[in-house]
$ cat my_file.csv   # CSV, C-alpha atoms and all ligand atoms
chain,number,residue,atom,x,y,z
A,553,MET,CA,-8.0,-8.2,-19.2
A,554,GLN,CA,-9.8,-5.1,-17.9
A,555,ILE,CA,-8.6,-4.0,-14.5
A,556,LEU,CA,-10.2,-1.5,-12.1
A,557,ILE,CA,-7.7,0.1,-9.7
A,558,THR,CA,-9.0,2.2,-6.8
A,559,GLY,CA,-6.6,4.7,-5.3
A,560,ILE,CA,-4.8,4.9,-8.6
A,561,ALA,CA,-3.3,8.3,-8.1
A,562,GLY,CA,-1.4,7.2,-5.0
A,563,PHE,CA,2.1,5.8,-4.7
A,564,VAL,CA,1.3,2.1,-5.2
A,565,GLY,CA,-1.6,2.7,-7.6
A,566,THR,CA,0.6,4.7,-10.0
A,567,ASN,CA,3.2,2.0,-10.2
A,568,LEU,CA,0.6,-0.8,-10.6
A,569,ALA,CA,-1.2,1.1,-13.4
A,570,ARG,CA,2.1,1.4,-15.3
A,571,ARG,CA,2.8,-2.3,-14.9
A,572,PHE,CA,-0.7,-3.3,-16.1
A,573,LEU,CA,-0.5,-0.9,-19.1
A,574,GLU,CA,2.9,-2.3,-20.0
A,575,GLN,CA,1.3,-5.8,-19.9
A,576,GLY,CA,-1.4,-4.7,-22.4
A,577,TYR,CA,-4.3,-4.5,-19.9
A,578,VAL,CA,-7.1,-2.0,-20.1
A,579,VAL,CA,-7.0,0.1,-16.9
A,580,TYR,CA,-9.9,2.0,-15.2
A,581,GLY,CA,-8.5,4.1,-12.4
A,582,LEU,CA,-10.5,5.7,-9.6
A,583,ASP,CA,-9.4,8.3,-7.1
A,584,ASN,CA,-10.7,11.3,-5.3
A,585,PHE,CA,-7.2,12.9,-5.1
A,586,CYS,CA,-7.4,13.4,-1.4
A,587,ARG,CA,-3.8,12.2,-1.0
A,588,GLY,CA,-2.8,11.0,-4.5
A,589,GLN,CA,-2.1,13.5,-7.2
A,590,ARG,CA,-3.2,13.8,-10.8
A,591,ALA,CA,0.4,14.7,-11.7
A,592,ASN,CA,1.5,11.1,-10.7
A,593,LEU,CA,-0.6,9.9,-13.7
A,594,GLN,CA,0.6,12.4,-16.3
A,595,ALA,CA,2.6,9.8,-18.1
A,596,PHE,CA,-0.6,7.9,-19.0
A,597,ASP,CA,-2.5,11.0,-20.3
A,598,GLY,CA,-3.8,10.1,-23.8
A,599,HIS,CA,-3.0,6.4,-23.5
A,600,ASP,CA,-5.8,4.6,-25.3
A,601,ARG,CA,-6.0,1.8,-22.6
A,602,PHE,CA,-6.0,4.2,-19.6
A,603,ASN,CA,-9.3,5.7,-18.2
A,604,LEU,CA,-9.4,7.9,-15.1
A,605,TYR,CA,-12.4,8.9,-13.0
A,606,GLU,CA,-12.5,11.3,-10.1
A,607,VAL,CA,-14.9,9.9,-7.4
A,608,ASP,CA,-15.1,9.6,-3.7
A,609,LEU,CA,-15.5,5.9,-3.1
A,610,HIS,CA,-17.2,6.2,0.3
A,611,ASP,CA,-20.1,7.7,-1.6
A,612,LEU,CA,-21.8,4.6,-2.8
A,613,GLU,CA,-24.1,6.4,-5.3
A,614,ALA,CA,-21.2,8.3,-6.9
A,615,TYR,CA,-19.2,5.1,-7.0
A,616,ARG,CA,-22.1,3.1,-8.6
A,617,ASN,CA,-22.5,5.8,-11.2
A,618,VAL,CA,-18.9,5.5,-12.3
A,619,VAL,CA,-18.9,1.7,-12.4
A,620,GLY,CA,-22.2,1.8,-14.3
A,621,ARG,CA,-20.7,4.2,-16.9
A,622,ILE,CA,-17.7,1.8,-17.4
A,623,PHE,CA,-20.1,-1.2,-17.8
A,624,GLN,CA,-22.1,0.7,-20.5
A,625,SER,CA,-19.3,-0.1,-23.0
A,626,ALA,CA,-16.9,-2.6,-21.2
A,627,SER,CA,-16.7,-4.9,-18.3
A,628,ILE,CA,-14.2,-5.5,-15.5
A,629,ASP,CA,-12.4,-8.7,-14.8
A,630,GLU,CA,-10.6,-7.7,-11.6
A,631,VAL,CA,-10.6,-5.0,-9.0
A,632,TRP,CA,-7.4,-4.0,-7.3
A,633,HIS,CA,-8.6,-2.1,-4.2
A,634,LEU,CA,-5.8,0.2,-3.0
A,635,ALA,CA,-7.8,3.3,-1.9
A,636,ALA,CA,-7.4,3.9,1.8
A,637,ASN,CA,-6.2,6.4,4.3
A,638,SER,CA,-2.5,6.0,4.4
A,639,ASP,CA,-1.8,8.4,7.2
A,640,ILE,CA,-1.8,6.5,10.5
A,641,PRO,CA,-1.6,9.5,12.8
A,642,ALA,CA,-4.5,11.2,11.0
A,643,GLY,CA,-6.6,8.2,11.8
A,644,ILE,CA,-5.6,8.3,15.4
A,645,ALA,CA,-6.6,12.0,15.6
A,646,ASP,CA,-9.9,11.3,13.9
A,647,PRO,CA,-11.2,7.7,13.6
A,648,ASN,CA,-13.7,8.7,11.0
A,649,VAL,CA,-10.8,9.0,8.5
A,650,ASP,CA,-10.1,5.3,8.5
A,651,LEU,CA,-13.8,4.4,8.7
A,652,ARG,CA,-14.5,6.5,5.6
A,653,ASP,CA,-11.5,6.0,3.4
A,654,THR,CA,-10.4,2.5,4.4
A,655,TYR,CA,-13.4,0.5,5.6
A,656,LEU,CA,-16.3,2.1,3.7
A,657,THR,CA,-14.3,2.2,0.4
A,658,THR,CA,-13.9,-1.6,0.8
A,659,HIS,CA,-17.5,-2.2,1.8
A,660,ASN,CA,-18.8,-0.2,-1.2
A,661,THR,CA,-16.3,-2.0,-3.5
A,662,LEU,CA,-17.8,-5.3,-2.4
A,663,ILE,CA,-21.4,-4.1,-2.8
A,664,LEU,CA,-20.6,-3.0,-6.4
A,665,MET,CA,-18.6,-6.2,-7.2
A,666,ARG,CA,-21.7,-8.2,-6.3
A,667,GLU,CA,-24.1,-5.9,-8.2
A,668,PHE,CA,-22.0,-5.9,-11.4
A,669,GLY,CA,-20.8,-9.5,-11.1
A,670,ILE,CA,-17.1,-8.7,-10.9
A,671,ALA,CA,-15.4,-12.0,-9.8
A,672,ARG,CA,-11.9,-11.2,-8.5
A,673,LEU,CA,-10.6,-8.8,-5.9
A,674,ALA,CA,-7.0,-8.0,-4.9
A,675,PHE,CA,-6.7,-6.0,-1.6
A,676,ALA,CA,-3.9,-3.9,-0.2
A,677,SER,CA,-3.9,-4.9,3.4
A,678,SER,CA,-1.1,-4.2,5.9
A,679,SER,CA,1.1,-5.6,8.6
A,680,ALA,CA,-0.8,-3.1,10.9
A,681,ILE,CA,-3.6,-5.7,11.2
A,682,TYR,CA,-1.4,-7.8,13.5
A,683,GLY,CA,-0.8,-5.2,16.3
A,684,ASP,CA,2.3,-5.4,18.4
A,685,HIS,CA,3.8,-8.9,18.8
A,686,GLY,CA,7.2,-7.7,20.1
A,687,GLU,CA,10.1,-10.0,19.1
A,688,THR,CA,7.8,-12.8,17.8
A,689,ALA,CA,8.1,-13.5,14.1
A,690,ILE,CA,4.7,-12.7,12.5
A,691,ILE,CA,3.3,-15.5,10.4
A,692,GLU,CA,0.0,-15.1,8.7
A,693,ASP,CA,-1.9,-17.2,11.2
A,694,ILE,CA,-0.5,-15.6,14.4
A,695,GLY,CA,-3.1,-14.4,16.9
A,696,PRO,CA,-4.8,-12.7,18.5
A,697,LEU,CA,-5.1,-9.9,15.9
A,698,LEU,CA,-5.3,-6.8,18.1
A,699,PRO,CA,-4.3,-3.8,15.9
A,700,ILE,CA,-3.1,-0.7,17.8
A,701,SER,CA,-4.2,1.9,15.2
A,702,ASN,CA,-7.5,2.7,13.6
A,703,TYR,CA,-5.7,2.2,10.3
A,704,GLY,CA,-4.9,-1.4,11.3
A,705,ALA,CA,-8.4,-1.9,12.7
A,706,MET,CA,-10.2,-0.8,9.5
A,707,LYS,CA,-7.8,-2.9,7.4
A,708,LEU,CA,-8.6,-5.9,9.5
A,709,ALA,CA,-12.3,-5.2,9.3
A,710,SER,CA,-11.9,-4.9,5.5
A,711,GLU,CA,-10.2,-8.3,5.4
A,712,ALA,CA,-13.2,-9.7,7.4
A,713,SER,CA,-15.7,-8.4,4.9
A,714,ILE,CA,-13.7,-9.7,2.0
A,715,SER,CA,-13.6,-13.1,3.6
A,716,ALA,CA,-17.3,-13.1,4.0
A,717,ALA,CA,-17.8,-12.0,0.4
A,718,ALA,CA,-15.4,-14.8,-0.8
A,719,GLU,CA,-17.7,-17.3,0.9
A,720,SER,CA,-20.7,-15.9,-1.0
A,721,TYR,CA,-20.2,-14.2,-4.3
A,722,LEU,CA,-16.5,-13.5,-5.1
A,723,LYS,CA,-14.8,-16.1,-7.2
A,724,GLN,CA,-11.4,-15.3,-5.9
A,725,ALA,CA,-9.8,-12.8,-3.5
A,726,TYR,CA,-6.2,-12.0,-2.7
A,727,ILE,CA,-5.2,-10.2,0.5
A,728,PHE,CA,-1.7,-8.8,0.5
A,729,ARG,CA,-0.4,-7.7,3.8
A,730,PHE,CA,2.2,-5.1,2.9
A,731,PRO,CA,5.1,-4.1,5.1
A,732,ASN,CA,6.5,-0.5,4.6
A,733,VAL,CA,6.6,0.0,0.9
A,734,ILE,CA,9.1,2.5,-0.5
A,735,GLY,CA,10.0,4.1,-3.8
A,736,THR,CA,8.4,6.8,-5.9
A,737,PRO,CA,6.2,8.7,-6.4
A,738,ALA,CA,6.4,8.9,-2.6
A,739,THR,CA,3.2,10.4,-1.0
A,740,HIS,CA,4.1,9.6,2.7
A,741,GLY,CA,6.5,7.7,4.9
A,742,VAL,CA,9.6,8.0,6.8
A,743,ILE,CA,12.1,8.6,3.9
A,744,LEU,CA,10.0,11.4,2.4
A,745,ASP,CA,9.6,12.9,5.8
A,746,PHE,CA,13.4,13.0,6.4
A,747,VAL,CA,14.1,14.3,2.9
A,748,ARG,CA,11.6,17.1,3.3
A,749,LYS,CA,12.9,18.0,6.8
A,750,LEU,CA,16.5,18.3,5.5
A,751,LYS,CA,15.3,20.3,2.5
A,752,THR,CA,13.7,22.8,4.9
A,753,SER,CA,16.6,22.9,7.4
A,754,PRO,CA,19.8,21.2,6.0
A,755,ASP,CA,21.7,21.4,9.3
A,756,ASP,CA,19.5,19.3,11.5
A,757,LEU,CA,17.4,16.2,11.1
A,758,PRO,CA,15.0,15.7,14.0
A,759,VAL,CA,13.8,12.1,14.3
A,760,LEU,CA,10.5,10.9,15.9
A,761,GLY,CA,11.5,8.3,18.5
A,762,ASP,CA,14.9,7.2,19.6
A,763,GLY,CA,15.8,5.6,16.2
A,764,SER,CA,15.7,2.0,17.5
A,765,GLN,CA,12.4,1.2,15.7
A,766,GLN,CA,13.1,-1.6,13.3
A,767,LYS,CA,10.9,-2.7,10.4
A,768,SER,CA,10.9,-4.4,7.0
A,769,TYR,CA,11.0,-2.2,3.9
A,770,LEU,CA,10.1,-3.5,0.4
A,771,HIS,CA,10.7,-1.6,-2.8
A,772,VAL,CA,7.5,-1.0,-4.8
A,773,GLU,CA,8.8,-2.8,-7.8
A,774,ASP,CA,9.3,-6.0,-5.7
A,775,LEU,CA,5.8,-5.5,-4.1
A,776,ILE,CA,4.1,-5.4,-7.6
A,777,ASP,CA,6.1,-8.5,-8.7
A,778,ALA,CA,5.0,-10.3,-5.6
A,779,MET,CA,1.3,-9.4,-6.0
A,780,LEU,CA,1.2,-10.4,-9.7
A,781,PHE,CA,3.0,-13.6,-8.8
A,782,VAL,CA,0.4,-14.5,-6.2
A,783,ARG,CA,-2.4,-13.6,-8.5
A,784,ASP,CA,-0.9,-16.0,-11.1
A,785,HIS,CA,0.0,-18.8,-8.8
A,786,ALA,CA,-2.3,-19.0,-5.7
A,787,ASN,CA,-5.3,-21.2,-6.3
A,788,ASP,CA,-7.2,-20.8,-3.0
A,789,LYS,CA,-10.5,-19.0,-3.2
A,790,LEU,CA,-9.2,-16.6,-0.5
A,791,SER,CA,-5.4,-16.2,-0.4
A,792,TYR,CA,-3.7,-14.1,2.2
A,793,PHE,CA,0.0,-13.4,2.3
A,794,ASN,CA,2.6,-11.4,4.2
A,795,VAL,CA,4.6,-9.6,1.5
A,796,GLY,CA,8.1,-8.4,2.4
A,797,PRO,CA,11.8,-8.9,2.2
A,798,VAL,CA,13.6,-11.9,3.7
A,799,ASP,CA,15.4,-10.1,6.6
A,800,ASP,CA,14.7,-8.6,10.0
A,801,GLY,CA,14.3,-5.1,8.6
A,802,VAL,CA,16.4,-1.9,9.2
A,803,SER,CA,16.3,0.6,12.0
A,804,VAL,CA,15.0,4.2,11.7
A,805,ARG,CA,18.6,5.2,12.7
A,806,THR,CA,19.9,3.5,9.6
A,807,ILE,CA,17.3,5.3,7.4
A,808,ALA,CA,18.1,8.7,9.0
A,809,GLU,CA,21.9,8.1,8.4
A,810,THR,CA,21.3,7.0,4.8
A,811,VAL,CA,19.2,10.1,4.0
A,812,ARG,CA,21.8,12.3,5.7
A,813,ASP,CA,24.7,10.7,3.9
A,814,GLN,CA,23.1,11.1,0.5
A,815,LEU,CA,21.6,14.6,1.0
A,816,ALA,CA,23.4,16.6,3.7
A,817,PRO,CA,26.4,14.8,5.1
A,818,ASP,CA,27.2,17.5,7.7
A,819,ALA,CA,23.7,17.6,9.2
A,820,THR,CA,23.2,16.6,12.9
A,821,ILE,CA,20.6,13.9,13.6
A,822,SER,CA,18.7,14.5,16.8
A,823,TYR,CA,16.7,11.6,18.2
A,824,GLY,CA,13.7,11.7,20.5
A,825,THR,CA,13.6,9.6,23.7
A,826,GLU,CA,10.6,7.3,23.0
A,827,GLY,CA,11.0,3.8,21.6
A,828,ARG,CA,8.2,4.5,19.1
A,829,GLY,CA,7.6,7.3,16.6
A,830,TRP,CA,3.9,8.1,17.5
A,831,VAL,CA,0.8,6.5,19.1
A,832,GLY,CA,-0.2,3.6,16.9
A,833,ASP,CA,3.3,3.0,15.6
A,834,VAL,CA,4.4,-0.7,16.0
A,835,PRO,CA,8.1,-0.1,17.0
A,836,ARG,CA,9.5,-3.3,15.7
A,837,PHE,CA,8.1,-6.3,13.9
A,838,TYR,CA,9.7,-9.4,12.5
A,839,TYR,CA,7.8,-10.3,9.4
A,840,ASP,CA,7.8,-13.9,8.3
A,841,THR,CA,7.3,-14.2,4.6
A,842,SER,CA,8.0,-17.9,4.2
A,843,LYS,CA,4.5,-18.7,3.0
A,844,LEU,CA,5.1,-16.4,0.0
A,845,ASN,CA,8.6,-17.8,-0.5
A,846,ARG,CA,7.2,-21.3,-0.4
A,847,LEU,CA,4.8,-20.4,-3.2
A,848,GLY,CA,7.9,-19.5,-5.2
A,849,TRP,CA,8.5,-15.8,-4.9
A,850,LYS,CA,11.5,-14.0,-3.5
A,851,PRO,CA,12.3,-10.3,-3.6
A,852,THR,CA,15.3,-8.9,-5.5
A,853,MET,CA,16.2,-6.5,-2.7
A,854,ASP,CA,16.6,-6.7,1.0
A,855,SER,CA,15.4,-3.9,3.3
A,856,ARG,CA,18.7,-2.1,3.3
A,857,SER,CA,19.2,-2.0,-0.5
A,858,ALA,CA,15.5,-1.0,-0.9
A,859,VAL,CA,16.1,1.9,1.5
A,860,GLU,CA,19.3,3.0,-0.3
A,861,LEU,CA,17.5,2.9,-3.7
A,862,ALA,CA,14.4,4.6,-2.4
A,863,VAL,CA,16.3,7.4,-0.7
A,864,SER,CA,18.1,8.3,-4.0
A,865,GLU,CA,14.7,8.1,-5.9
A,866,ILE,CA,12.9,10.3,-3.4
A,867,ILE,CA,15.7,12.9,-3.3
A,868,LYS,CA,15.4,13.0,-7.1
A,869,GLN,CA,11.6,13.3,-6.8
A,870,GLU,CA,12.0,16.3,-4.5
A,871,SER,CA,14.3,17.9,-7.1
A,872,LEU,CA,17.3,17.8,-4.8
A,873,ALA,CA,19.6,15.7,-7.0
A,901,LIG,N1,2.8,2.4,1.2
A,901,LIG,C1,2.9,1.6,2.2
A,901,LIG,O1,3.9,1.5,2.9
A,901,LIG,C2,1.7,0.7,2.6
A,901,LIG,C3,1.9,-0.2,3.6
A,901,LIG,C4,0.8,-1.0,4.0
A,901,LIG,C5,-0.4,-0.9,3.3
A,901,LIG,N2,-0.5,0.0,2.3
A,901,LIG,C6,-1.8,0.1,1.6
A,901,LIG,O2,-1.6,0.1,0.2
A,901,LIG,C7,-2.5,1.0,-0.5
A,901,LIG,C8,-1.8,2.0,-1.3
A,901,LIG,O3,-1.0,2.8,-0.4
A,901,LIG,P1,-0.2,4.0,-1.0
A,901,LIG,O4,1.1,4.1,-0.3
A,901,LIG,O5,-0.2,4.1,-2.4
A,901,LIG,O6,-1.1,5.2,-0.4
A,901,LIG,P2,-1.5,6.6,-1.1
A,901,LIG,O7,-2.1,7.4,0.0
A,901,LIG,O8,-0.4,7.1,-1.9
A,901,LIG,O9,-2.7,6.1,-2.1
A,901,LIG,C9,-4.0,5.9,-1.6
A,901,LIG,C10,-4.9,6.5,-2.7
A,901,LIG,O10,-6.2,6.4,-2.3
A,901,LIG,C11,-6.9,7.6,-2.6
A,901,LIG,N3,-8.1,7.6,-1.7
A,901,LIG,C12,-8.2,7.6,-0.4
A,901,LIG,N4,-9.5,7.7,0.1
A,901,LIG,C13,-10.2,7.7,-1.0
A,901,LIG,C14,-11.6,7.8,-1.3
A,901,LIG,N5,-12.5,7.9,-0.2
A,901,LIG,N6,-12.1,7.8,-2.5
A,901,LIG,C15,-11.2,7.7,-3.6
A,901,LIG,N7,-9.9,7.6,-3.4
A,901,LIG,C16,-9.4,7.7,-2.2
A,901,LIG,C17,-6.0,8.7,-2.2
A,901,LIG,O11,-6.2,9.9,-2.9
A,901,LIG,C18,-4.7,8.1,-2.8
A,901,LIG,O12,-4.4,8.4,-4.1
A,901,LIG,C19,-3.4,1.6,0.7
A,901,LIG,O13,-4.5,0.8,0.8
A,901,LIG,C20,-2.5,1.4,1.9
A,901,LIG,O14,-3.2,1.4,3.1
A,901,LIG,C21,0.5,0.8,1.9
$ encode --input "my_file.csv" --output "structure tokens"
Amino acid sequence: MQILITGIAGFVGTNLARRFLEQGYVVYGLDNFCRGQRANLQAFDGHDRFNLYEVDLHDLEAYRNVVGRIFQSASIDEVWHLAANSDIPAGIADPNVDLRDTYLTTHNTLILMREFGIARLAFASSSAIYGDHGETAIIEDIGPLLPISNYGAMKLASEASISAAAESYLKQAYIFRFPNVIGTPATHGVILDFVRKLKTSPDDLPVLGDGSQQKSYLHVEDLIDAMLFVRDHANDKLSYFNVGPVDDGVSVRTIAETVRDQLAPDATISYGTEGRGWVGDVPRFYYDTSKLNRLGWKPTMDSRSAVELAVSEIIKQESLA
């Protein structure tokens, strides 16, 4: 199998590449390194089944050139499209960021899959497509879908384009709606933020919001297991799944306390007053993953144990352990 991974230098891409290489696949990785880092891929340098290309995927001509070069001597069976803006506040400040890095990278990927006859697509979507449903458990078919961030809006638009492509020229498409995914190499997210804040000032941990925000957290190893399981077991032409742990999530307060306890037990945690961390933040969501569980997949960790593991991994990453 020959796999093309977009956004390969990012957090999920790095882990997915390792898994595919371990399984004997040939991996073609694309990234413009705007958020992911080359250093994340150092372990694969010189690997005979690993090929890395620097390209901005919103530039269709540049993207076409790279895929054309790959097709001169090989072909691609599957695209795993992970490239996107992963910084929600950046997309609130400037909506062009999500248009460019999330929607246009998807649009261009679809154009090239059609041109080069690549049949199967796996897409990293997000719980952000759902918007704020309060205390209601979020199943895949809940509606209306009214995202509250440009990030969520452009993920939803990407899903819509993939759906249309599946009707016309894709053989199979898998849409994975991730919750908060954690682990290393962390490039963003609440745990990395807390660890870095305590690294800079070990006495005080300021938290955005009042700490009551409650969400699901999935370890990246479980995420990859789930995606590969779906890829191997779902038969629909277009599959879409919530991916997540089987619990109601953990609060930001719990995460702040876990980071403090592992890194700086004497630090004071100071909370804000708002019930949400920033504009576009869904303060709590209850993620129903029973569709995925019915297909036969269950995670190995709940949100709390995933957070505990990821906190220790990220402390190590930041050279603090
Ligand atoms: N990590 C999470 O908690 C989470 C949650 C929901 C959805 N997702 C989705 O999963 C995917 C991977 O997330 P991640 O956490 O690894 O994010 P990440 O930021 O670490 O990785 C994304 C990668 O895409 C690259 N990229 C962005 N724009 C690009 C462009 N125009 N051209 C080429 N490369 C570009 C970045 O450089 C980066 O390496 C993303 O699509 C993200 O939206 C992640």
$ residues_around --input "my_file.csv" --residues "Ala862 in chain A" --least-positions-apart "6" --cutoff "8 Å" --atoms "all atoms listed in the file" --output "PyMOL selection string"
chain A and resi 734-736+743+771
$ atom_distance --input "my_file.csv" --atom1 "CA of Ala614 in chain A" --atom2 "atom C9 of ligand LIG 901 (chain A)"
18.2 Å
$ residues_near_ligand --input "my_file.csv" --ligand "ligand LIG 901 (chain A)" --cutoff "8 Å" --atoms "all atoms listed in the file" --output "PyMOL selection string"
chain A and resi 558-566+582-589+606-611+633-639+652-654+656-657+675-680+703+707+729-734+738-741
$ atom_distance --input "my_file.csv" --atom1 "CA of Glu826 in chain A" --atom2 "CA of Val859 in chain A"
22.8 Å
$ residues_around --input "my_file.csv" --residues "Tyr726 in chain A" --least-positions-apart "5" --cutoff "6 Å" --atoms "all atoms listed in the file" --output "list in words"
Ala674, Leu790, Ser791 and Tyr792 of chain A
$ atom_distance --input "my_file.csv" --atom1 "CA of Leu775 in chain A" --atom2 "CA of Arg571 in chain A"
11.7 Å
$ closest_residue --input "my_file.csv" --among "A:Val631, A:Gly695, A:Ala712, A:Ala642" --to "Arg783 in chain A" --atoms "only C-alpha atoms"
A:Val631
$ residues_around --input "my_file.csv" --residues "range 844-847 of chain A" --least-positions-apart "3" --cutoff "8 Å" --atoms "only C-alpha atoms" --output "PyMOL selection string"
chain A and resi 782+785-786+793-795+841+850
$ closest_residue --input "my_file.csv" --among "A:His599, A:Lys789, A:Arg590, A:Arg828" --to "Val759 in chain A" --atoms "all atoms listed in the file"
A:Arg828
$ closest_residue --input "my_file.csv" --among "A:Val742, A:Ala705, A:Leu697, A:Val618" --to "Val649 in chain A" --atoms "all atoms listed in the file"
A:Ala705
$ residues_around --input "my_file.csv" --residues "Ile700 in chain A" --least-positions-apart "3" --cutoff "9 Å" --atoms "all atoms listed in the file" --output "PyMOL selection string"
chain A and resi 680-684+703-705+831-834
$ closest_residue --input "my_file.csv" --among "A:Arg666, A:His685, A:Arg805, A:Arg621" --to "Phe837 in chain A" --atoms "only C-alpha atoms"
A:His685
$ closest_residue --input "my_file.csv" --among "A:Leu750, A:Ala671, A:Leu651, A:Ile691" --to "Leu708 in chain A" --atoms "all atoms listed in the file"
A:Leu651
$ closest_residue --input "my_file.csv" --among "A:Phe572, A:Trp632, A:Phe746, A:Phe781" --to "Leu662 in chain A" --atoms "all atoms listed in the file"
A:Trp632
